[in-house]
Amino acid sequence: MKRIGVVGIGKIARDQHIPVLRRSADFELAACASRNAEVEGVANFTTAEAMLDGCPDLDAIAICTPPQAHFETARLALARGKHVLLEKPPCATATELDRLAELGRAAGRTLYQTWHSRHAAGVAAARRWLSSRKLRCVRVTWKEDVRQWHPGQAWIWQAGGFGVFDPGINAISILTEILPQPFFVREADLHIPSNCKSPIAADIVFATEDGIRIDAAFDFRQTGTQSWDIDVETEAGALRLSDGGDKLMIDGTSVAPGSSDPHVEYAAIYRRFAELIAAGRSDVDGRPFRLVGDAFFVGRRHVTAPFVE
């Protein structure tokens, strides 16, 4: 069993990482680092560096801080000989992620950039079904209430905080996993509150090389029912992934009804991390991240009403 430390004890760490690690057969949660929080039953520190100094026998760390801080923390951990798991989004820039991949190889340590939505219950079956079918069009509707899922998280509105692309990248990670051909950003409209640096909503047009259109609508202003849906029309039927990939329907028939375990995606992430460490390999798929960057490159900026928590 590997001893692991968690850096950043915010909502995602408390909702997913810590509960999963508490019951993991592969990892022992041994330490945590946070400026503002502690976790019962483990060694607690205020910084990642202090954690690495105080617990030199850690085998790995999981980084759950805002993305602006990922690079320096991961770089330090790799330099100390630790395996590193990165929560999404990976870093503030694609160049930082590329450099971390280089550092992981040089250190002979595993670097695992996670995309938790790829482990949702319906995703693998969707990939298999689409692998032999010709696409007609794709529609993504990814709308949620930022006040519910990111309460008080000012970092998400800062430069490098991703705004609505923090959840939107989950949809893109699924698309890059299930679609049988690559696709590219063709245009984007980014809606940015007047008091923020990152978008609260985005409308993106992707397309494959042969012109198949993929429309995506991301919005942080949803109230009531939350929408995390991907609809794919093919020449041989229609597929719908809903609830963030948890449920799969093909031509109106349920194929994957969803999981009752709220931790199924993160449990799969940590099993994958253990497998990578045992095999001496890394897994750093930057495609979703680069597509988000491309949306920022080509996106038209629109100023919207100020965001009030």
# chains A, B, ... in the order shown; residues from 1 in each chain; ligands from 1
call {"tool": "closest_atom_pairs", "arguments": {"of": "stretch 63-140 of chain A", "to": "stretch 176-195 of chain A", "cutoff": "9 Å", "atoms": "only C-alpha atoms", "output": "Markdown table"}}
result
| residue | atom | partner | partner_atom | distance |
| --- | --- | --- | --- | --- |
| A:Arg118 | CA | A:Glu177 | CA | 6.9 |
| A:Val123 | CA | A:Ile178 | CA | 7.0 |
| A:Ala124 | CA | A:Ile178 | CA | 7.5 |
| A:Ala125 | CA | A:Ile178 | CA | 8.8 |
| A:Ala126 | CA | A:Ile178 | CA | 6.2 |
| A:Arg127 | CA | A:Ile178 | CA | 4.1 |
| A:Arg128 | CA | A:Ile178 | CA | 7.7 |
| A:Trp129 | CA | A:Ile178 | CA | 8.8 |
| A:Leu130 | CA | A:Leu179 | CA | 6.6 |
| A:Ser131 | CA | A:Pro180 | CA | 5.3 |
| A:Ser132 | CA | A:Pro180 | CA | 8.0 |
| A:Arg133 | CA | A:Pro180 | CA | 8.3 |
| A:Lys134 | CA | A:Pro180 | CA | 8.7 |
| A:Leu135 | CA | A:Leu179 | CA | 8.6 |
call {"tool": "select_by_dssp", "arguments": {"residues": "stretch 194-251 of chain A", "states": "strand (DSSP E)", "output": "NGL selection string"}}
result
:A and (201-208 or 213-219 or 227-234 or 237-242 or 247-250)
call {"tool": "write_last_selection", "arguments": {"atoms": "N, CA and C atoms", "output": "short mmCIF file (atom, residue, chain, number, x, y, z; two decimals), in the first residue's frame"}}
result
data_model
loop_
_atom_site.label_atom_id
_atom_site.label_comp_id
_atom_site.auth_asym_id
_atom_site.auth_seq_id
_atom_site.Cartn_x
_atom_site.Cartn_y
_atom_site.Cartn_z
N ALA A 201 -20.15 31.77 -19.05
CA ALA A 201 -20.83 30.95 -20.04
C ALA A 201 -20.00 30.95 -21.32
N ALA A 202 -20.18 29.92 -22.13
CA ALA A 202 -19.46 29.82 -23.40
C ALA A 202 -20.26 28.99 -24.38
N ASP A 203 -20.29 29.43 -25.62
CA ASP A 203 -20.89 28.68 -26.72
C ASP A 203 -19.79 28.39 -27.73
N ILE A 204 -19.58 27.11 -28.01
CA ILE A 204 -18.43 26.70 -28.82
C ILE A 204 -18.90 25.85 -29.98
N VAL A 205 -18.31 26.08 -31.13
CA VAL A 205 -18.51 25.22 -32.28
C VAL A 205 -17.20 24.47 -32.55
N PHE A 206 -17.25 23.15 -32.42
CA PHE A 206 -16.16 22.28 -32.81
C PHE A 206 -16.52 21.65 -34.16
N ALA A 207 -15.53 21.08 -34.82
CA ALA A 207 -15.81 20.32 -36.03
C ALA A 207 -14.71 19.29 -36.24
N THR A 208 -15.08 18.15 -36.81
CA THR A 208 -14.09 17.14 -37.19
C THR A 208 -13.43 17.55 -38.50
N ARG A 213 -20.21 18.72 -37.32
CA ARG A 213 -20.31 19.84 -36.36
C ARG A 213 -20.64 19.32 -34.95
N ILE A 214 -19.98 19.94 -33.98
CA ILE A 214 -20.20 19.64 -32.56
C ILE A 214 -20.48 20.97 -31.88
N ASP A 215 -21.70 21.15 -31.40
CA ASP A 215 -22.09 22.38 -30.70
C ASP A 215 -22.08 22.14 -29.21
N ALA A 216 -21.46 23.05 -28.48
CA ALA A 216 -21.38 22.92 -27.02
C ALA A 216 -21.85 24.21 -26.36
N ALA A 217 -22.74 24.09 -25.39
CA ALA A 217 -23.21 25.23 -24.60
C ALA A 217 -22.86 24.97 -23.14
N PHE A 218 -21.98 25.81 -22.58
CA PHE A 218 -21.59 25.74 -21.18
C PHE A 218 -22.17 26.96 -20.46
N ASP A 219 -22.70 26.76 -19.27
CA ASP A 219 -23.28 27.89 -18.55
C ASP A 219 -23.25 27.62 -17.05
N SER A 227 -27.79 20.32 -15.92
CA SER A 227 -27.76 19.65 -17.23
C SER A 227 -26.33 19.31 -17.60
N TRP A 228 -26.06 18.00 -17.71
CA TRP A 228 -24.74 17.53 -18.16
C TRP A 228 -24.97 16.45 -19.21
N ASP A 229 -25.29 16.86 -20.43
CA ASP A 229 -25.77 15.94 -21.46
C ASP A 229 -24.95 16.04 -22.74
N ILE A 230 -24.76 14.89 -23.38
CA ILE A 230 -24.13 14.81 -24.69
C ILE A 230 -25.03 13.99 -25.60
N ASP A 231 -25.45 14.57 -26.71
CA ASP A 231 -26.31 13.89 -27.68
C ASP A 231 -25.54 13.73 -28.98
N VAL A 232 -25.49 12.50 -29.47
CA VAL A 232 -24.75 12.18 -30.70
C VAL A 232 -25.70 11.51 -31.68
N GLU A 233 -25.84 12.10 -32.85
CA GLU A 233 -26.61 11.47 -33.92
C GLU A 233 -25.65 10.83 -34.91
N THR A 234 -25.90 9.58 -35.25
CA THR A 234 -25.09 8.88 -36.24
C THR A 234 -26.00 8.36 -37.35
N GLY A 237 -28.26 5.50 -35.76
CA GLY A 237 -28.96 5.67 -34.51
C GLY A 237 -28.43 6.82 -33.69
N ALA A 238 -29.08 7.05 -32.54
CA ALA A 238 -28.75 8.19 -31.69
C ALA A 238 -28.34 7.72 -30.30
N LEU A 239 -27.38 8.43 -29.76
CA LEU A 239 -26.84 8.12 -28.43
C LEU A 239 -27.01 9.34 -27.54
N ARG A 240 -27.34 9.10 -26.28
CA ARG A 240 -27.43 10.19 -25.30
C ARG A 240 -26.74 9.78 -24.01
N LEU A 241 -25.74 10.56 -23.63
CA LEU A 241 -25.11 10.45 -22.32
C LEU A 241 -25.67 11.57 -21.46
N SER A 242 -26.18 11.23 -20.29
CA SER A 242 -26.71 12.24 -19.39
C SER A 242 -26.10 12.10 -18.00
N LYS A 247 -25.32 8.05 -17.22
CA LYS A 247 -26.40 7.29 -17.83
C LYS A 247 -26.27 7.32 -19.35
N LEU A 248 -26.51 6.17 -19.98
CA LEU A 248 -26.40 6.04 -21.42
C LEU A 248 -27.68 5.47 -21.99
N MET A 249 -28.20 6.14 -23.02
CA MET A 249 -29.34 5.63 -23.78
C MET A 249 -28.97 5.60 -25.25
N ILE A 250 -29.38 4.52 -25.94
CA ILE A 250 -29.16 4.39 -27.37
C ILE A 250 -30.51 4.14 -28.02
#
call {"tool": "atom_distance", "arguments": {"atom1": "atom CA of A:Ser259", "atom2": "atom CA of A:Asp285"}}
result
25.3 Å
call {"tool": "atom_distance", "arguments": {"atom1": "atom CA of A:Cys32", "atom2": "atom CA of A:Arg3"}}
result
11.4 Å
